[in-house]
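Below is upload_17.cif, which holds mmCIF, C-alpha atoms.
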data_input
loop_
_atom_site.label_atom_id
_atom_site.label_comp_id
_atom_site.auth_asym_id
_atom_site.auth_seq_id
_atom_site.Cartn_x
_atom_site.Cartn_y
_atom_site.Cartn_z
CA MET A 169 -70.45 -13.90 -82.49
CA VAL A 170 -70.15 -11.36 -85.29
CA THR A 171 -71.39 -7.85 -84.60
CA GLY A 172 -72.68 -5.14 -86.89
CA SER A 173 -72.19 -1.39 -87.08
CA ALA A 174 -74.25 1.41 -88.54
CA ARG A 175 -73.32 2.42 -92.08
CA THR A 176 -74.18 5.23 -94.49
CA TYR A 177 -75.22 4.46 -98.05
CA LEU A 178 -76.04 6.20 -101.32
CA THR A 179 -78.76 4.80 -103.59
CA CYS A 180 -80.85 5.83 -106.60
CA PRO A 181 -84.51 4.95 -107.30
CA PRO A 182 -85.04 2.86 -110.47
CA GLU A 183 -87.61 5.29 -111.86
CA TYR A 184 -86.20 5.02 -115.39
CA PHE A 185 -84.78 1.52 -115.15
CA GLN A 186 -85.06 -0.62 -118.26
CA VAL A 187 -82.85 -2.89 -120.32
CA ALA A 188 -82.39 -0.72 -123.39
CA TYR A 189 -79.00 -2.14 -124.45
CA ALA A 190 -76.67 -5.02 -123.57
CA ILE A 191 -73.31 -4.28 -121.95
CA ASN A 192 -73.03 -7.44 -119.85
CA PRO A 193 -74.10 -11.08 -120.38
CA TRP A 194 -77.18 -10.73 -118.14
CA MET A 195 -78.80 -7.97 -120.22
CA ASP A 196 -81.28 -8.81 -122.99
CA PRO A 197 -83.35 -5.91 -124.39
CA ALA A 198 -85.88 -8.45 -125.71
CA VAL A 199 -86.86 -9.45 -122.15
CA PRO A 200 -89.49 -7.08 -120.74
CA VAL A 201 -88.88 -5.25 -117.47
CA ASP A 202 -91.61 -4.54 -114.93
CA THR A 203 -90.55 -1.06 -113.83
CA GLU A 204 -93.20 -0.89 -111.13
CA LEU A 205 -92.00 -4.15 -109.60
CA ALA A 206 -88.38 -3.00 -109.85
CA GLY A 207 -89.34 0.06 -107.84
CA LYS A 208 -91.05 -2.02 -105.19
CA GLN A 209 -88.05 -4.35 -104.89
CA TRP A 210 -85.67 -1.41 -104.62
CA ARG A 211 -87.88 0.21 -101.96
CA ARG A 212 -87.88 -3.03 -99.99
CA LEU A 213 -84.07 -3.01 -100.06
CA VAL A 214 -83.90 0.60 -98.86
CA ASP A 215 -86.46 -0.03 -96.13
CA THR A 216 -84.49 -3.09 -95.04
CA LEU A 217 -81.26 -1.09 -94.75
CA ALA A 218 -83.01 1.69 -92.82
CA GLY A 219 -84.67 -0.87 -90.58
CA LEU A 220 -81.24 -2.27 -89.69
CA GLY A 221 -80.22 1.19 -88.44
CA HIS A 222 -78.34 2.46 -91.48
CA THR A 223 -78.55 5.93 -93.04
CA VAL A 224 -79.62 6.03 -96.68
CA HIS A 225 -79.10 8.96 -99.07
CA TYR A 226 -80.61 9.31 -102.53
CA LEU A 227 -79.53 10.41 -105.97
CA ASP A 228 -82.26 11.96 -108.13
CA PRO A 229 -82.90 9.68 -111.12
CA VAL A 230 -82.42 11.21 -114.57
CA PRO A 231 -84.35 10.22 -117.71
CA GLY A 232 -82.26 8.40 -120.28
CA LEU A 233 -79.95 6.78 -117.72
CA PRO A 234 -81.57 3.38 -117.07
CA ASP A 235 -78.56 1.97 -115.18
CA GLN A 236 -78.33 4.88 -112.73
CA VAL A 237 -80.02 2.66 -110.14
CA PHE A 238 -76.69 0.83 -109.86
CA ALA A 239 -75.31 3.57 -107.62
CA ALA A 240 -72.28 1.59 -106.43
CA ASN A 241 -70.60 2.21 -109.78
CA GLY A 242 -70.43 6.01 -109.44
CA GLY A 243 -67.40 6.29 -107.16
CA PHE A 244 -65.43 4.95 -104.20
CA SER A 245 -65.23 6.78 -100.87
CA LEU A 246 -62.79 6.49 -98.00
CA ALA A 247 -61.98 8.89 -95.13
CA GLY A 248 -63.94 11.78 -96.59
CA THR A 249 -62.50 11.52 -100.11
CA VAL A 250 -64.28 10.20 -103.19
CA TYR A 251 -62.49 8.83 -106.24
CA GLY A 252 -64.98 9.31 -109.03
CA ALA A 253 -66.02 6.97 -111.80
CA ARG A 254 -65.19 7.03 -115.47
CA PHE A 255 -67.43 4.49 -117.15
CA ARG A 256 -66.28 1.97 -119.74
CA TYR A 257 -69.38 2.25 -121.93
CA PRO A 258 -70.80 5.48 -123.38
CA GLN A 259 -74.32 4.48 -122.35
CA ARG A 260 -73.38 5.13 -118.72
CA ALA A 261 -70.86 7.95 -119.11
CA ALA A 262 -73.24 10.74 -118.03
CA GLU A 263 -73.75 9.12 -114.62
CA ALA A 264 -70.28 10.19 -113.47
CA ALA A 265 -71.16 13.90 -113.45
CA ILE A 266 -74.35 13.25 -111.48
CA HIS A 267 -72.38 11.49 -108.78
CA ARG A 268 -69.78 14.23 -108.75
CA ARG A 269 -72.42 16.94 -108.22
CA TRP A 270 -73.98 14.99 -105.36
CA TYR A 271 -70.70 14.38 -103.55
CA GLU A 272 -69.45 17.92 -103.96
CA ALA A 273 -72.78 19.36 -102.78
CA ALA A 274 -72.59 17.11 -99.73
CA GLY A 275 -69.11 18.40 -98.87
CA TRP A 276 -66.93 15.50 -99.91
CA ARG A 277 -63.46 15.96 -101.41
CA TYR A 278 -63.92 14.69 -104.94
CA VAL A 279 -61.06 13.44 -107.12
CA THR A 280 -61.75 13.24 -110.85
CA PRO A 281 -60.18 10.12 -112.36
CA THR A 282 -58.18 10.00 -115.56
CA ALA A 283 -58.40 6.21 -115.84
CA VAL A 284 -61.50 4.19 -116.62
CA ASN A 285 -63.00 2.74 -113.44
CA GLU A 286 -66.46 1.88 -112.18
CA GLY A 287 -66.29 2.75 -108.51
CA GLU A 288 -67.37 0.19 -105.96
CA GLY A 289 -68.32 -2.13 -108.77
CA ASP A 290 -64.62 -3.00 -108.94
CA LEU A 291 -63.29 -1.65 -105.62
CA ALA A 292 -63.70 -3.14 -102.14
CA TRP A 293 -62.20 -1.90 -98.86
CA VAL A 294 -61.38 -4.71 -96.44
CA GLY A 295 -58.62 -5.56 -93.98
CA GLY A 296 -56.68 -2.37 -94.69
CA HIS A 297 -56.48 -3.26 -98.38
CA LEU A 298 -58.25 -1.84 -101.39
CA LEU A 299 -59.15 -4.81 -103.56
CA ALA A 300 -59.26 -3.70 -107.19
CA GLY A 301 -60.96 -5.81 -109.82
CA TYR A 302 -60.05 -5.47 -113.48
CA GLY A 303 -60.37 -7.38 -116.72
CA PHE A 304 -63.73 -6.19 -118.06
CA ARG A 305 -64.60 -2.68 -116.86
CA THR A 306 -61.85 -1.00 -114.82
CA ASP A 307 -58.50 -0.14 -116.42
CA PRO A 308 -55.44 -1.24 -114.36
CA ALA A 309 -54.13 2.33 -114.74
CA ALA A 310 -56.71 3.31 -112.13
CA HIS A 311 -54.78 1.33 -109.52
CA ALA A 312 -51.85 3.76 -109.52
CA GLU A 313 -54.28 6.67 -109.19
CA LEU A 314 -55.96 4.99 -106.25
CA ARG A 315 -52.64 4.51 -104.47
CA ARG A 316 -51.85 8.20 -104.89
CA VAL A 317 -55.31 9.38 -103.79
CA PHE A 318 -55.76 7.19 -100.72
CA GLY A 319 -52.23 6.12 -99.75
CA VAL A 320 -53.34 2.55 -99.06
CA PRO A 321 -52.29 -0.83 -100.46
CA VAL A 322 -54.13 -1.60 -103.70
CA VAL A 323 -54.49 -5.30 -104.56
CA PRO A 324 -55.24 -5.99 -108.26
CA LEU A 325 -57.53 -8.96 -108.90
CA ARG A 326 -58.11 -10.10 -112.48
CA LEU A 327 -61.64 -11.21 -113.39
CA VAL A 328 -61.84 -13.81 -116.16
CA ASP A 329 -65.51 -14.84 -116.44
CA PRO A 330 -67.62 -12.25 -118.32
CA ARG A 331 -70.68 -13.12 -116.23
CA PHE A 332 -68.82 -11.67 -113.26
CA TYR A 333 -67.70 -8.49 -114.97
CA HIS A 334 -67.41 -6.44 -111.77
CA LEU A 335 -65.59 -7.43 -108.59
CA ASP A 336 -68.79 -7.02 -106.58
CA THR A 337 -70.42 -9.87 -108.50
CA ALA A 338 -67.60 -12.25 -107.56
CA LEU A 339 -66.58 -11.10 -104.06
CA GLY A 340 -68.50 -9.71 -101.10
CA VAL A 341 -67.07 -8.01 -98.02
CA LEU A 342 -68.56 -9.51 -94.87
CA GLY A 343 -66.54 -7.97 -92.03
CA PRO A 344 -63.46 -5.88 -91.26
CA ALA A 345 -61.15 -8.60 -92.61
CA HIS A 346 -63.55 -11.24 -93.90
CA VAL A 347 -64.83 -11.89 -97.42
CA ALA A 348 -66.75 -14.41 -99.47
CA TYR A 349 -65.76 -15.07 -103.08
CA PHE A 350 -66.17 -17.35 -106.08
CA PRO A 351 -62.69 -18.61 -107.03
CA ASP A 352 -63.48 -19.45 -110.66
CA ALA A 353 -64.26 -15.79 -111.40
CA PHE A 354 -60.55 -14.96 -110.94
CA ASP A 355 -57.33 -15.95 -112.67
CA ALA A 356 -54.88 -18.28 -110.91
CA ALA A 357 -52.62 -15.50 -109.61
CA SER A 358 -55.55 -13.63 -108.10
CA ARG A 359 -56.83 -16.78 -106.44
CA ARG A 360 -53.43 -17.21 -104.78
CA VAL A 361 -53.56 -13.63 -103.51
CA LEU A 362 -57.07 -14.11 -102.10
CA ARG A 363 -56.07 -17.34 -100.34
CA ARG A 364 -53.10 -15.57 -98.76
CA LEU A 365 -55.01 -12.48 -97.63
CA PHE A 366 -58.20 -14.24 -96.56
CA PRO A 367 -57.44 -17.81 -95.47
CA ASP A 368 -60.77 -18.02 -93.63
CA ALA A 369 -62.90 -16.66 -96.48
CA LEU A 370 -66.27 -18.16 -97.26
CA ILE A 371 -65.98 -19.93 -100.60
CA ALA A 372 -68.97 -19.60 -102.89
CA ASP A 373 -69.85 -22.17 -105.52
CA ALA A 374 -71.10 -21.62 -109.05
CA ALA A 375 -74.75 -21.66 -107.99
CA ASP A 376 -74.11 -19.02 -105.31
CA ALA A 377 -72.39 -16.75 -107.80
CA ALA A 378 -74.97 -17.22 -110.55
CA ALA A 379 -77.71 -16.25 -108.08
CA PHE A 380 -75.86 -12.97 -107.34
CA GLY A 381 -75.22 -14.31 -103.84
CA LEU A 382 -71.94 -12.40 -103.59
CA ASN A 383 -73.48 -9.07 -104.61
CA LEU A 384 -74.30 -8.39 -100.98
CA VAL A 385 -74.29 -5.63 -98.38
CA SER A 386 -72.99 -6.47 -94.91
CA ASP A 387 -72.74 -4.41 -91.72
CA GLY A 388 -70.58 -7.06 -90.09
CA ARG A 389 -73.56 -8.95 -88.71
CA HIS A 390 -76.55 -8.63 -91.03
CA VAL A 391 -75.93 -9.58 -94.64
CA VAL A 392 -78.53 -8.36 -97.12
CA LEU A 393 -78.59 -10.46 -100.28
CA ASN A 394 -80.75 -11.71 -103.10
CA ALA A 395 -83.53 -14.08 -102.03
CA GLU A 396 -82.60 -16.58 -104.75
CA ALA A 397 -79.16 -17.11 -103.17
CA THR A 398 -80.34 -19.68 -100.64
CA GLY A 399 -77.09 -21.64 -100.68
CA MET A 400 -75.05 -18.54 -99.89
CA ALA A 401 -77.51 -17.59 -97.16
CA ALA A 402 -76.97 -20.98 -95.53
CA LYS A 403 -73.19 -20.56 -95.64
CA LEU A 404 -73.48 -17.12 -94.06
CA ALA A 405 -75.73 -18.39 -91.28
CA ALA A 406 -73.32 -21.24 -90.54
CA ALA A 407 -70.52 -18.68 -90.23
CA GLY A 408 -72.45 -16.69 -87.63
CA TYR A 409 -73.95 -13.97 -89.83
CA GLN A 410 -77.62 -13.12 -90.07
CA PRO A 411 -78.71 -13.29 -93.72
CA VAL A 412 -81.52 -10.93 -94.73
CA LEU A 413 -83.09 -11.93 -98.03
CA VAL A 414 -84.73 -9.50 -100.46
CA GLU A 415 -86.39 -10.18 -103.81
CA PHE A 416 -84.49 -8.63 -106.72
CA SER A 417 -85.74 -10.36 -109.86
CA GLU A 418 -86.29 -7.26 -112.02
CA LEU A 419 -82.98 -5.54 -111.39
CA HIS A 420 -81.20 -8.81 -112.16
CA LYS A 421 -82.23 -8.21 -115.75
CA GLY A 422 -79.74 -5.33 -115.79
CA GLY A 423 -76.96 -7.55 -114.47
CA GLY A 424 -77.02 -6.28 -110.89
CA SER A 425 -78.32 -7.06 -107.45
CA VAL A 426 -78.18 -5.70 -103.90
CA LYS A 427 -74.62 -4.34 -103.78
CA CYS A 428 -74.81 -2.82 -107.24
CA CYS A 429 -77.58 -0.55 -105.95
CA VAL A 430 -75.73 0.60 -102.81
CA ALA A 431 -72.59 2.74 -102.51
CA GLU A 432 -71.10 2.85 -99.03
CA LEU A 433 -70.06 6.30 -97.78
CA ARG A 434 -67.00 5.90 -95.57
CA GLY A 435 -65.69 8.54 -93.21
CA GLY A 436 -68.02 11.44 -93.99
CA PRO A 437 -67.24 14.62 -95.91
CA ARG A 438 -64.28 16.77 -94.95
CA GLY A 439 -66.03 19.93 -96.11
#

Now, as a test, write the supplied structure out as structure tokens.
Amino acid sequence: MVTGSARTYLTCPPEYFQVAYAINPWMDPAVPVDTELAGKQWRRLVDTLAGLGHTVHYLDPVPGLPDQVFAANGGFSLAGTVYGARFRYPQRAAEAAIHRRWYEAAGWRYVTPTAVNEGEGDLAWVGGHLLAGYGFRTDPAAHAELRRVFGVPVVPLRLVDPRFYHLDTALGVLGPAHVAYFPDAFDAASRRVLRRLFPDALIADAADAAAFGLNLVSDGRHVVLNAEATGMAAKLAAAGYQPVLVEFSELHKGGGSVKCCVAELRGGPRG
């Protein structure tokens, strides 16, 4: 029987969300976005997390930053320290300073990166390892910085399918040492590493991945994921987790889902 624990998260309302440019294969500026519906779907996610006993904090949305809703990309936190983001594309560059101001105001130790990285989009903490995706957004030079900042093992994982441009679209952390992932999103060497580290991982198929079924938020028991990912939900239930489905159709148009909108705050600020 898997058990859950209370978590703390950072999110941002999609007040200015739209698809104004294309920086991943899911984005098409010609497809209209229902901003009101996006807000309702985001609110349902936040209410779901709060209803499961988690604490949710909020960034103030800023005009002109339509992807700010994808709050996971703004940094990575562990033991009271935050390693900030440095975005690959200029359209998102201004988000980094907004995250920095929030973390510093909240009392976190903030480390400014020199290497391009996109926070929890490409970084996942599990089993005493920091899994580090690269290939599309994050520069491998960030891995050495992460080792220096946190003093933990960093495991590089190369992404090879542009649809799964961030690690959190291809791999989801389920428990303290348990993950689900889509093997075809990774190169052969990375697949070998994942098999070695996580021999009991849940293996997603192409339909699970395409439905953003791995872009999930788990507290170790409840797994919040996109309602379209029914196959992944069935796999989770069979493994003893409790899937919690939320509709996320509008935010998918920006190339993100549940996890993209949620940064986990680990350890609390040091002051």

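Our summary of the geometry notes that CA of Pro411 (chain A) is positioned 4.7 Å from CA of Val391 (chain A).
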
Compile the contact shell of region 224-232 of chain A as a PyMOL selection string: residues with an atom at most 12 Å away, counting all atoms listed in the file, same-chain residues fewer than 4 positions apart removed. chain A and resi 174-189+211+213-220+236-240+242+259-271+273-274+429-433

Kindly resolve the PyMOL selection byres ((chain A and resi 309-311) around 8) on the present coordinates and return the residues as a ChimeraX atom specification. /A:281-285,300,306-308,312-315,322,324

Skip Ala348 (chain A) itself and residues of its chain fewer than 6 positions away, then list as a short mmCIF file (atom, residue, chain, number, x, y, z; two decimals) with C-alpha atoms, in the coordinates of the input all residues within 9 Å of it, counting all atoms listed in the file.
data_model
loop_
_atom_site.label_atom_id
_atom_site.label_comp_id
_atom_site.auth_asym_id
_atom_site.auth_seq_id
_atom_site.Cartn_x
_atom_site.Cartn_y
_atom_site.Cartn_z
CA ALA A 338 -67.60 -12.25 -107.56
CA LEU A 339 -66.58 -11.10 -104.06
CA GLY A 340 -68.50 -9.71 -101.10
CA VAL A 341 -67.07 -8.01 -98.02
CA LEU A 342 -68.56 -9.51 -94.87
CA ALA A 369 -62.90 -16.66 -96.48
CA LEU A 370 -66.27 -18.16 -97.26
CA ILE A 371 -65.98 -19.93 -100.60
CA ALA A 372 -68.97 -19.60 -102.89
CA LEU A 382 -71.94 -12.40 -103.59
#

Find the residue from A:Lys427, A:Pro200, A:Val392, A:Arg331 that sits nearest to Leu413 (chain A); use all atoms listed in the file when measuring.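 Closest to Leu413 (chain A), using all atoms listed in the file: A:Val392.
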
N, CA, C and O atoms restored at region 402-414 of chain A, emitted as a compact mmCIF listing (two decimals), keeping the file's coordinate frame:
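Output (part_21.txt):
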# COMPACT_ATOMS: atom_id res chain seq x y z
N ALA A 402 -77.26 -19.91 -96.48
CA ALA A 402 -76.97 -20.98 -95.53
C ALA A 402 -75.51 -20.94 -95.08
O ALA A 402 -75.20 -21.14 -93.90
N LYS A 403 -74.60 -20.67 -96.00
CA LYS A 403 -73.19 -20.56 -95.64
C LYS A 403 -72.96 -19.40 -94.68
O LYS A 403 -72.18 -19.50 -93.72
N LEU A 404 -73.62 -18.29 -94.94
CA LEU A 404 -73.48 -17.12 -94.06
C LEU A 404 -74.01 -17.43 -92.66
O LEU A 404 -73.37 -17.07 -91.66
N ALA A 405 -75.16 -18.06 -92.58
CA ALA A 405 -75.73 -18.39 -91.28
C ALA A 405 -74.82 -19.33 -90.51
O ALA A 405 -74.60 -19.17 -89.29
N ALA A 406 -74.23 -20.30 -91.20
CA ALA A 406 -73.32 -21.24 -90.54
C ALA A 406 -72.08 -20.55 -90.02
O ALA A 406 -71.46 -21.00 -89.05
N ALA A 407 -71.70 -19.43 -90.66
CA ALA A 407 -70.52 -18.68 -90.23
C ALA A 407 -70.83 -17.65 -89.15
O ALA A 407 -69.93 -16.92 -88.72
N GLY A 408 -72.08 -17.58 -88.72
CA GLY A 408 -72.45 -16.69 -87.63
C GLY A 408 -73.08 -15.38 -88.04
O GLY A 408 -73.37 -14.53 -87.19
N TYR A 409 -73.29 -15.18 -89.35
CA TYR A 409 -73.95 -13.97 -89.83
C TYR A 409 -75.47 -14.17 -89.85
O TYR A 409 -75.96 -15.30 -89.79
N GLN A 410 -76.17 -13.07 -89.98
CA GLN A 410 -77.62 -13.12 -90.07
C GLN A 410 -78.03 -12.70 -91.49
O GLN A 410 -78.08 -11.51 -91.80
N PRO A 411 -78.31 -13.66 -92.37
CA PRO A 411 -78.71 -13.29 -93.72
C PRO A 411 -80.10 -12.66 -93.74
O PRO A 411 -81.00 -13.09 -93.01
N VAL A 412 -80.24 -11.63 -94.55
CA VAL A 412 -81.52 -10.93 -94.73
C VAL A 412 -81.81 -10.95 -96.22
O VAL A 412 -81.10 -10.32 -97.01
N LEU A 413 -82.83 -11.69 -96.62
CA LEU A 413 -83.09 -11.93 -98.03
C LEU A 413 -84.10 -10.93 -98.59
O LEU A 413 -85.12 -10.65 -97.96
N VAL A 414 -83.81 -10.42 -99.78
CA VAL A 414 -84.73 -9.50 -100.46
C VAL A 414 -84.89 -9.96 -101.91
O VAL A 414 -83.96 -10.44 -102.53
